[in-house]
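Undergrad: protein-v2.txt is reproduced below (compact mmCIF, C-alpha atoms).
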# COMPACT_ATOMS: atom_id res chain seq x y z
CA MET A 247 -10.57 -4.01 -12.48
CA SER A 248 -6.92 -4.41 -13.45
CA LEU A 249 -4.15 -3.69 -10.97
CA SER A 250 -1.32 -1.57 -12.34
CA GLY A 251 0.45 1.76 -11.97
CA LEU A 252 0.31 3.69 -8.70
CA ILE A 253 -1.79 2.39 -5.81
CA THR A 254 -1.65 4.24 -2.49
CA ALA A 255 -1.55 2.34 0.79
CA LEU A 256 -3.69 4.87 2.64
CA ALA A 257 -2.88 6.11 6.11
CA THR A 258 -5.83 6.47 8.50
CA PRO A 259 -6.30 10.03 9.79
CA PHE A 260 -7.15 10.38 13.47
CA ARG A 261 -8.27 13.45 15.37
CA ALA A 262 -6.29 14.89 18.27
CA ASP A 263 -8.42 12.85 20.71
CA GLY A 264 -7.55 9.61 18.88
CA ALA A 265 -10.92 9.12 17.20
CA LEU A 266 -11.28 8.59 13.48
CA ASP A 267 -11.16 11.82 11.47
CA PRO A 268 -13.85 11.42 8.78
CA ASP A 269 -13.17 14.86 7.32
CA GLY A 270 -9.44 14.13 7.10
CA TRP A 271 -10.26 10.80 5.43
CA GLN A 272 -12.33 12.55 2.80
CA ARG A 273 -9.57 15.08 2.17
CA LEU A 274 -7.05 12.28 1.78
CA LEU A 275 -9.30 10.43 -0.69
CA HIS A 276 -9.81 13.65 -2.65
CA LEU A 277 -6.06 14.27 -2.76
CA GLN A 278 -5.49 10.78 -4.16
CA LEU A 279 -8.11 11.09 -6.87
CA GLU A 280 -6.87 14.53 -7.86
CA GLY A 281 -3.31 13.17 -8.02
CA GLY A 282 -4.32 10.44 -10.45
CA VAL A 283 -3.72 7.32 -8.37
CA GLN A 284 -4.79 4.07 -10.01
CA GLY A 285 -5.98 2.35 -6.85
CA VAL A 286 -6.04 2.59 -3.06
CA VAL A 287 -5.56 0.23 -0.14
CA VAL A 288 -7.80 0.74 2.89
CA ALA A 289 -6.81 -0.61 6.31
CA GLY A 290 -3.45 -2.10 5.45
CA SER A 291 -0.47 -1.82 7.77
CA THR A 292 0.00 1.82 6.69
CA GLY A 293 -3.61 2.36 7.77
CA GLU A 294 -2.90 1.03 11.28
CA ALA A 295 -5.44 -1.72 10.71
CA ALA A 296 -4.46 -3.52 13.90
CA THR A 297 -5.76 -0.58 15.94
CA LEU A 298 -9.15 -0.27 14.22
CA SER A 299 -12.39 -1.55 15.66
CA ASP A 300 -14.73 -3.50 13.38
CA ALA A 301 -17.02 -0.49 13.18
CA GLU A 302 -14.15 1.81 12.24
CA TYR A 303 -12.92 -0.62 9.59
CA ASP A 304 -16.40 -0.77 8.08
CA GLN A 305 -16.76 3.02 8.17
CA LEU A 306 -13.44 3.63 6.43
CA LEU A 307 -14.01 1.05 3.72
CA ALA A 308 -17.63 1.96 3.03
CA SER A 309 -16.85 5.67 2.76
CA ALA A 310 -13.88 5.02 0.46
CA VAL A 311 -15.98 2.83 -1.82
CA GLU A 312 -18.67 5.53 -1.94
CA ARG A 313 -16.21 8.37 -2.62
CA ILE A 314 -14.22 6.52 -5.26
CA ALA A 315 -17.40 5.31 -6.96
CA GLY A 316 -15.77 2.71 -9.17
CA ARG A 317 -13.12 4.99 -10.67
CA VAL A 318 -10.19 2.91 -9.41
CA PRO A 319 -9.80 -0.37 -7.50
CA VAL A 320 -10.31 -0.32 -3.74
CA LEU A 321 -8.24 -2.98 -2.02
CA ALA A 322 -9.10 -3.84 1.57
CA GLY A 323 -6.48 -5.17 3.96
CA THR A 324 -7.96 -8.40 5.32
CA GLY A 325 -5.01 -10.59 6.32
CA LEU A 326 -5.03 -11.85 9.91
CA SER A 327 -3.08 -14.51 11.77
CA GLY A 328 -5.79 -17.19 11.51
CA THR A 329 -7.30 -18.53 8.31
CA ALA A 330 -10.90 -18.59 9.52
CA LYS A 331 -10.68 -14.98 10.75
CA THR A 332 -9.06 -13.92 7.48
CA ILE A 333 -11.92 -15.48 5.51
CA GLU A 334 -14.47 -13.72 7.72
CA GLN A 335 -12.73 -10.35 7.34
CA THR A 336 -12.42 -10.80 3.58
CA ARG A 337 -16.12 -11.58 3.23
CA ARG A 338 -16.95 -8.44 5.20
CA ALA A 339 -14.76 -6.38 2.91
CA ALA A 340 -16.45 -7.88 -0.14
CA ALA A 341 -19.87 -7.06 1.28
CA LEU A 342 -18.76 -3.44 1.85
CA GLY A 343 -17.80 -3.07 -1.81
CA ALA A 344 -14.04 -3.68 -1.92
CA THR A 345 -12.89 -4.73 -5.38
CA HIS A 346 -9.96 -6.79 -4.03
CA ALA A 347 -8.64 -8.17 -0.74
CA LEU A 348 -4.98 -7.55 0.09
CA VAL A 349 -4.07 -10.55 2.23
CA VAL A 350 -0.76 -10.43 4.07
CA THR A 351 1.00 -13.62 5.11
CA PRO A 352 -0.31 -14.59 8.57
CA PRO A 353 1.59 -12.41 11.06
CA TYR A 354 3.51 -13.91 13.97
CA VAL A 355 2.50 -17.57 13.50
CA ARG A 356 5.18 -18.26 10.84
CA PRO A 357 3.53 -21.01 8.79
CA THR A 358 5.55 -23.25 6.49
CA GLN A 359 5.43 -22.71 2.75
CA ALA A 360 2.94 -25.58 2.50
CA GLY A 361 0.88 -23.91 5.21
CA LEU A 362 0.86 -20.67 3.22
CA ILE A 363 -0.41 -22.50 0.15
CA ALA A 364 -3.22 -24.12 2.14
CA HIS A 365 -4.08 -20.80 3.83
CA TYR A 366 -4.31 -18.78 0.65
CA ARG A 367 -6.23 -21.43 -1.23
CA ALA A 368 -8.79 -21.58 1.56
CA VAL A 369 -9.14 -17.78 1.60
CA ALA A 370 -9.36 -17.55 -2.19
CA ASP A 371 -11.95 -20.33 -2.37
CA GLN A 372 -14.24 -18.62 0.14
CA ALA A 373 -13.43 -14.90 -0.14
CA GLY A 374 -16.09 -13.63 -2.52
CA VAL A 375 -13.62 -11.09 -3.95
CA PRO A 376 -10.31 -11.37 -5.86
CA VAL A 377 -7.29 -11.90 -3.61
CA VAL A 378 -3.92 -10.16 -3.83
CA LEU A 379 -1.09 -11.88 -1.96
CA TYR A 380 1.09 -9.66 0.24
CA ASN A 381 4.60 -10.57 1.31
CA VAL A 382 6.38 -8.33 3.82
CA PRO A 383 8.60 -10.57 5.95
CA GLY A 384 10.10 -7.70 7.92
CA ARG A 385 6.71 -7.16 9.55
CA THR A 386 5.23 -10.67 9.63
CA GLY A 387 8.22 -12.91 10.34
CA CYS A 388 7.21 -15.03 7.34
CA ASP A 389 8.69 -14.92 3.84
CA MET A 390 6.52 -16.29 1.03
CA LEU A 391 9.03 -17.63 -1.48
CA PRO A 392 8.62 -17.26 -5.26
CA GLU A 393 8.05 -21.01 -5.71
CA THR A 394 5.13 -20.74 -3.28
CA VAL A 395 3.74 -17.79 -5.21
CA ALA A 396 4.04 -19.90 -8.36
CA GLU A 397 1.85 -22.57 -6.78
CA LEU A 398 -0.80 -19.97 -5.95
CA ALA A 399 -0.71 -17.84 -9.11
CA SER A 400 -2.77 -20.34 -11.07
CA HIS A 401 -5.74 -20.11 -8.66
CA PRO A 402 -8.55 -18.33 -10.55
CA ASN A 403 -9.31 -16.02 -7.61
CA ILE A 404 -5.70 -15.05 -6.80
CA VAL A 405 -4.93 -12.14 -9.09
CA GLY A 406 -1.61 -10.68 -7.96
CA ILE A 407 1.04 -10.11 -5.34
CA LYS A 408 2.40 -7.12 -3.47
CA GLU A 409 6.05 -7.97 -2.85
CA ALA A 410 7.93 -5.82 -0.35
CA VAL A 411 11.27 -7.61 -0.76
CA GLY A 412 13.02 -5.35 -3.25
CA ASP A 413 16.13 -7.33 -4.19
CA THR A 414 16.72 -7.99 -7.87
CA GLY A 415 16.69 -11.78 -7.57
CA ARG A 416 13.23 -11.73 -6.02
CA VAL A 417 11.98 -9.32 -8.66
CA ARG A 418 13.26 -11.52 -11.49
CA ALA A 419 11.70 -14.66 -10.03
CA LEU A 420 8.29 -13.04 -9.65
CA LEU A 421 8.35 -11.45 -13.09
CA ASP A 422 8.35 -14.96 -14.55
CA LEU A 423 4.88 -15.38 -13.00
CA ARG A 424 3.29 -12.29 -14.54
CA SER A 425 0.32 -12.93 -16.79
CA PRO A 426 -2.85 -11.15 -17.91
CA THR A 427 -4.52 -12.63 -14.82
CA PHE A 428 -1.70 -12.23 -12.27
CA ALA A 429 -0.19 -8.83 -11.50
CA VAL A 430 3.18 -8.38 -9.80
CA LEU A 431 3.35 -5.18 -7.73
CA THR A 432 6.18 -3.84 -5.64
CA GLY A 433 5.61 -2.53 -2.14
CA ASP A 434 8.94 -0.74 -1.87
CA ASP A 435 9.00 2.94 -2.87
CA GLY A 436 12.78 3.17 -2.98
CA THR A 437 13.27 0.43 -5.59
CA ALA A 438 9.97 0.90 -7.44
CA ALA A 439 11.34 2.78 -10.44
CA ARG A 440 13.87 0.03 -11.09
CA SER A 441 11.32 -2.74 -10.50
CA ILE A 442 8.71 -1.26 -12.85
CA GLN A 443 11.32 -0.69 -15.54
CA ALA A 444 12.21 -4.37 -15.15
CA GLY A 445 8.59 -5.30 -15.84
CA MET A 446 6.59 -5.11 -12.62
CA ASP A 447 3.02 -3.89 -13.06
CA GLY A 448 3.11 -1.10 -10.49
CA LEU A 449 3.70 0.16 -6.97
CA ILE A 450 1.67 0.06 -3.78
CA SER A 451 3.16 3.16 -2.18
CA VAL A 452 3.40 4.85 1.19
CA GLY A 453 4.92 8.15 0.01
CA SER A 454 2.07 8.75 -2.41
CA ASN A 455 -0.17 9.59 0.54
CA VAL A 456 1.38 13.06 0.39
CA LEU A 457 2.68 13.06 -3.20
CA PRO A 458 0.19 11.15 -5.35
CA GLY A 459 0.90 13.14 -8.50
CA ALA A 460 4.67 12.87 -8.13
CA TYR A 461 4.65 9.14 -7.51
CA ARG A 462 2.21 8.65 -10.41
CA ARG A 463 4.64 10.53 -12.65
CA MET A 464 7.50 8.29 -11.51
CA CYS A 465 5.48 5.13 -12.19
CA ASP A 466 4.39 6.37 -15.62
CA LEU A 467 7.95 7.21 -16.65
CA ALA A 468 9.19 3.84 -15.40
CA ALA A 469 6.47 1.96 -17.29
CA ALA A 470 7.37 3.89 -20.44
CA ARG A 471 11.04 2.86 -19.97
CA ASP A 472 12.05 6.53 -20.16
CA HIS A 473 15.25 5.75 -18.31
CA GLU A 474 16.80 9.21 -18.16
CA ALA A 475 13.57 10.94 -17.12
CA VAL A 476 12.62 8.35 -14.50
CA GLU A 477 16.11 8.47 -13.00
CA SER A 478 15.79 12.23 -12.63
CA TRP A 479 12.29 12.00 -11.16
CA ASP A 480 13.20 9.19 -8.79
CA ALA A 481 16.11 11.31 -7.54
CA ARG A 482 13.65 14.10 -6.68
CA LEU A 483 11.62 11.63 -4.64
CA GLN A 484 14.60 9.94 -2.96
CA PRO A 485 14.43 12.17 0.15
CA PHE A 486 10.79 11.08 0.61
CA HIS A 487 11.66 7.40 0.02
CA ASP A 488 14.35 7.72 2.69
CA PHE A 489 12.29 9.73 5.15
CA CYS A 490 9.39 7.28 5.11
CA GLY A 491 11.81 4.69 6.50
CA VAL A 492 13.43 6.66 9.32
CA GLU A 493 10.94 5.23 11.83
CA SER A 494 8.34 2.49 11.64
CA ASN A 495 5.71 3.00 8.95
CA PRO A 496 3.39 4.94 9.07
CA ILE A 497 5.01 7.26 11.63
CA PRO A 498 6.97 9.38 9.11
CA VAL A 499 4.28 9.69 6.44
CA LYS A 500 1.69 10.64 9.05
CA ALA A 501 4.04 13.40 10.24
CA LEU A 502 4.04 14.74 6.67
CA LEU A 503 0.26 14.39 6.37
CA ARG A 504 -0.19 16.34 9.59
CA ARG A 505 1.97 19.12 8.19
CA ILE A 506 -0.31 19.44 5.15
CA GLY A 507 -3.42 19.47 7.33
CA ILE A 508 -4.61 15.85 7.25
CA GLY A 509 -4.94 14.04 10.57
CA HIS A 510 -3.01 14.28 13.80
CA ASP A 511 -1.24 11.45 15.58
CA LEU A 512 -1.13 7.65 15.68
CA ARG A 513 -2.56 5.04 17.99
CA LEU A 514 -0.51 3.14 20.53
CA PRO A 515 1.79 1.29 20.41
CA LEU A 516 2.99 3.73 17.71
CA LEU A 517 4.14 7.16 18.86
CA PRO A 518 4.46 10.37 16.83
CA LEU A 519 7.65 11.15 14.97
CA SER A 520 10.55 11.78 17.31
CA ALA A 521 11.87 15.30 17.74
CA ALA A 522 15.16 14.34 16.08
CA HIS A 523 13.40 13.89 12.75
CA ALA A 524 11.04 16.87 12.99
CA PRO A 525 13.34 19.28 11.08
CA ALA A 526 13.52 16.85 8.15
CA ALA A 527 9.73 16.55 8.17
CA ASP A 528 9.35 20.32 8.15
CA HIS A 529 11.78 20.65 5.25
CA LEU A 530 10.14 17.94 3.14
CA ALA A 531 6.64 19.22 3.84
CA GLY A 532 7.74 22.53 2.35
CA ASP A 533 8.62 20.76 -0.92
CA ILE A 534 5.34 18.89 -1.38
CA ALA A 535 3.31 21.55 -3.18
CA ALA A 536 6.10 22.35 -5.64
CA LEU A 537 6.69 18.69 -6.49
CA GLU A 538 3.00 18.06 -7.03
CA ALA A 539 2.77 21.10 -9.29
CA LEU A 540 5.83 19.98 -11.25
CA SER A 541 4.40 16.48 -11.72
CA SER A 542 1.45 17.85 -13.66
CA HIS A 543 3.60 19.54 -16.32
Can you give me the file's structure in the form of C-alpha cells?
TA:
Amino acid sequence: MSLSGLITALATPFRADGALDPDGWQRLLHLQLEGGVQGVVVAGSTGEAATLSDAEYDQLLASAVERIAGRVPVLAGTGLSGTAKTIEQTRRAAALGATHALVVTPPYVRPTQAGLIAHYRAVADQAGVPVVLYNVPGRTGCDMLPETVAELASHPNIVGIKEAVGDTGRVRALLDLRSPTFAVLTGDDGTAARSIQAGMDGLISVGSNVLPGAYRRMCDLAAARDHEAVESWDARLQPFHDFCGVESNPIPVKALLRRIGIGHDLRLPLLPLSAAHAPAADHLAGDIAALEALSSH
C-alpha cells in the first residue's frame, strides 16, 4: 500500500481510571475513516506507546487492523532503544497485521550516523514488514541526517521516512531521495502545507485526530498546488497547529479529544493540559464541527 496524503498519528484513549478505552478507540477509528484519512499510525509517540503494556499494544493494533480492514495503511510504532528489541517488536506488529512499521531513531542512546545505518539495515532485513524511518530529534536526542537517509533509501524493505524537522533545507535534501519506492512524509503540521507543495508525499499529523476532514482538505489542496486555496485553509488550521504545541504532545490534542467525547486523561509522566490553556482548548473545541463540515464542501 502506498504512503501519501494524510496519515493520522493516533492518540490512545484511556478511561478515567487509566485503563484503555476500547469504545473510545473505536470512535476515534470511525472518525478517521469518515474524515477520509489515507493511513493511521498506532502506538507512536502520540499514542503514548511508552506507557502501553505488550497486551495493550497488541489489543490496539489488532483492533485497528480489524476495523480498517485494508482500506488504508496501518503503520505500527515499533522503534525502541535497542536493535534486537526493535526487531522483536516489529515482527510482532507484522504478525498482528500492520502494513508498515514506523521505526523512530533509537531514543536516548544517541548512535552515530554509521550506527543508525547498521540499526535500520538490521531491522529492515528481519522485520517481515516494510519499514518507514522516523526522525524526530527533539524527542530522541538523535538527528538522522539526509546523507544517512540516502544510504538507507535504496534498501528494498525501507519504503519511506517521516521527517519532523521542518526547515526548508532539510525538506529540499530529502526531496532529492523521493522515488516510486521511497516516500518522504512530513511530521510537522505547521509546515506541512508548504512541504507538500514543495513535493513531499504527505503528512503524518497530530491535529487530524480531531480534524481529519480538515487536514485531509489541506493536504489535498497542497498536493494540487492550489496555492491560494491552501494558504487560506492552512490559516484556518493555524490555531490548531499552534495549540498542539503549547505543551508536550499529545497533551493538547488529548484535551481536544476529551472535549469531543473521546477518552479522558494521559498516563504518567504526562499530566493533563494545564489550567492556563483550558480556555483555548474550549474555544478550539467549539470550532471543530464547523471546520469538519466546511471541509466536505
Undergrad: What's around Thr297 (chain A) at 9 Å? Count all atoms listed in the file, leave out sequence neighbours fewer than 6 positions away in its own chain, and write the answer as a count of residues only.
TA: 3
Undergrad: Using only C-alpha atoms, can you tell me which of A:Arg367, A:Thr336, A:Pro496, A:Ser451 comes closest to Asp511 (chain A)?
TA: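 Among A:Arg367, A:Thr336, A:Pro496, A:Ser451, it is A:Pro496 that comes nearest to Asp511 (chain A).
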Undergrad: Here is a test: counting only C-alpha atoms, which residue of A:Leu512, A:Leu457, A:Ala526, A:Ala347 is nearest to Leu266 (chain A)?
TA: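 Distance minimum relative to Leu266 (chain A) lands on A:Leu512.
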Undergrad: Go through A:Gln372, A:Gln484, A:Asn495, A:Thr332 one by one, measure the shortest atom-to-atom distance of each to Leu256 (chain A) using only C-alpha atoms, and give the residue with the smallest value.
TA: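 Once distances to Leu256 (chain A) are computed over only C-alpha atoms, the minimum belongs to A:Asn495.
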Undergrad: Return as a tab-separated table the residues of region 405-458 of chain A lying at most 12 Å from region 351-359 of chain A, together with the closest atom-to-atom pair for each and the distance in Å to one decimal, counting only C-alpha atoms, with rows in chain order and ascending residue number.
TA:
residue	atom	partner	partner_atom	distance
A:Ile407	CA	A:Thr351	CA	11.0
A:Lys408	CA	A:Thr351	CA	10.9
A:Glu409	CA	A:Thr351	CA	11.0
A:Ala410	CA	A:Thr351	CA	11.8
Undergrad: Those residues you just picked out, can you put them in a file as a compact mmCIF listing (two decimals), in the coordinates of the input with C-alpha atoms?
TA:
# COMPACT_ATOMS: atom_id res chain seq x y z
CA ILE A 407 1.04 -10.11 -5.34
CA LYS A 408 2.40 -7.12 -3.47
CA GLU A 409 6.05 -7.97 -2.85
CA ALA A 410 7.93 -5.82 -0.35
Undergrad: Can you work out which one of A:Gln284, A:Ser400, A:Thr258, A:Gln278 has the shortest atom-to-atom distance to Ala296 (chain A), counting only C-alpha atoms?
TA: A:Thr258
Undergrad: Find the spatial neighbours of Pro458 (chain A), counting all atoms listed in the file, within a cut-off of 10 Å - ignore same-chain residues fewer than 3 positions away - and output them as a VMD selection string.
TA: chain A and resid 252 to 254 277 to 284 451 to 455 461 to 464 538 541
Undergrad: Hey, which of A:Ala257, A:Leu483, A:Leu537, A:Ala364 ends up closest to Gly270 (chain A)? Count only C-alpha atoms.
TA: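 Result for the nearest residue to Gly270 (chain A): A:Ala257.
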Undergrad: Draw an axis-aligned box tight on the listed atoms of region 507-520 of chain A, then pad every side by 3 Å and write out centre and edge lengths in Å to one decimal as lines of an AutoDock Vina configuration file.
TA:
center_x = 2.8
center_y = 10.4
center_z = 13.9
size_x = 21.5
size_y = 24.2
size_z = 19.3
Undergrad: Could you state the separation of CA of Val349 (chain A) and CA of Ile333 (chain A) in Å, given to one decimal place?
TA: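 According to the coordinates, CA of Val349 (chain A) and CA of Ile333 (chain A) are separated by 9.8 Å.
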Undergrad: Please compute the CA of Ser478 (chain A)-CA of Tyr380 (chain A) distance, one decimal, in Å.
TA: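 About the pair CA of Ser478 (chain A) and CA of Tyr380 (chain A): they are 29.3 Å apart.
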Undergrad: Find the distance between CA of Ser494 (chain A) and CA of Val411 (chain A) and write it in Å to one decimal.
TA: 16.3 Å
Undergrad: List the residues sitting within 7 Å of (4.4, -7.0, -12.3) in the file's frame, using only C-alpha atoms, as a ChimeraX atom specification.
TA: /A:421,424,429-431,445-448
Undergrad: Just write the chosen residues, C-alpha atoms, as a PDB file, keeping the file's coordinate frame.
TA:
ATOM      1  CA  LEU A 421       8.350 -11.450 -13.090  1.00  0.00           C
ATOM      2  CA  ARG A 424       3.290 -12.290 -14.540  1.00  0.00           C
ATOM      3  CA  ALA A 429      -0.190  -8.830 -11.500  1.00  0.00           C
ATOM      4  CA  VAL A 430       3.180  -8.380  -9.800  1.00  0.00           C
ATOM      5  CA  LEU A 431       3.350  -5.180  -7.730  1.00  0.00           C
ATOM      6  CA  GLY A 445       8.590  -5.300 -15.840  1.00  0.00           C
ATOM      7  CA  MET A 446       6.590  -5.110 -12.620  1.00  0.00           C
ATOM      8  CA  ASP A 447       3.020  -3.890 -13.060  1.00  0.00           C
ATOM      9  CA  GLY A 448       3.110  -1.100 -10.490  1.00  0.00           C
TER      10      GLY A 448
END
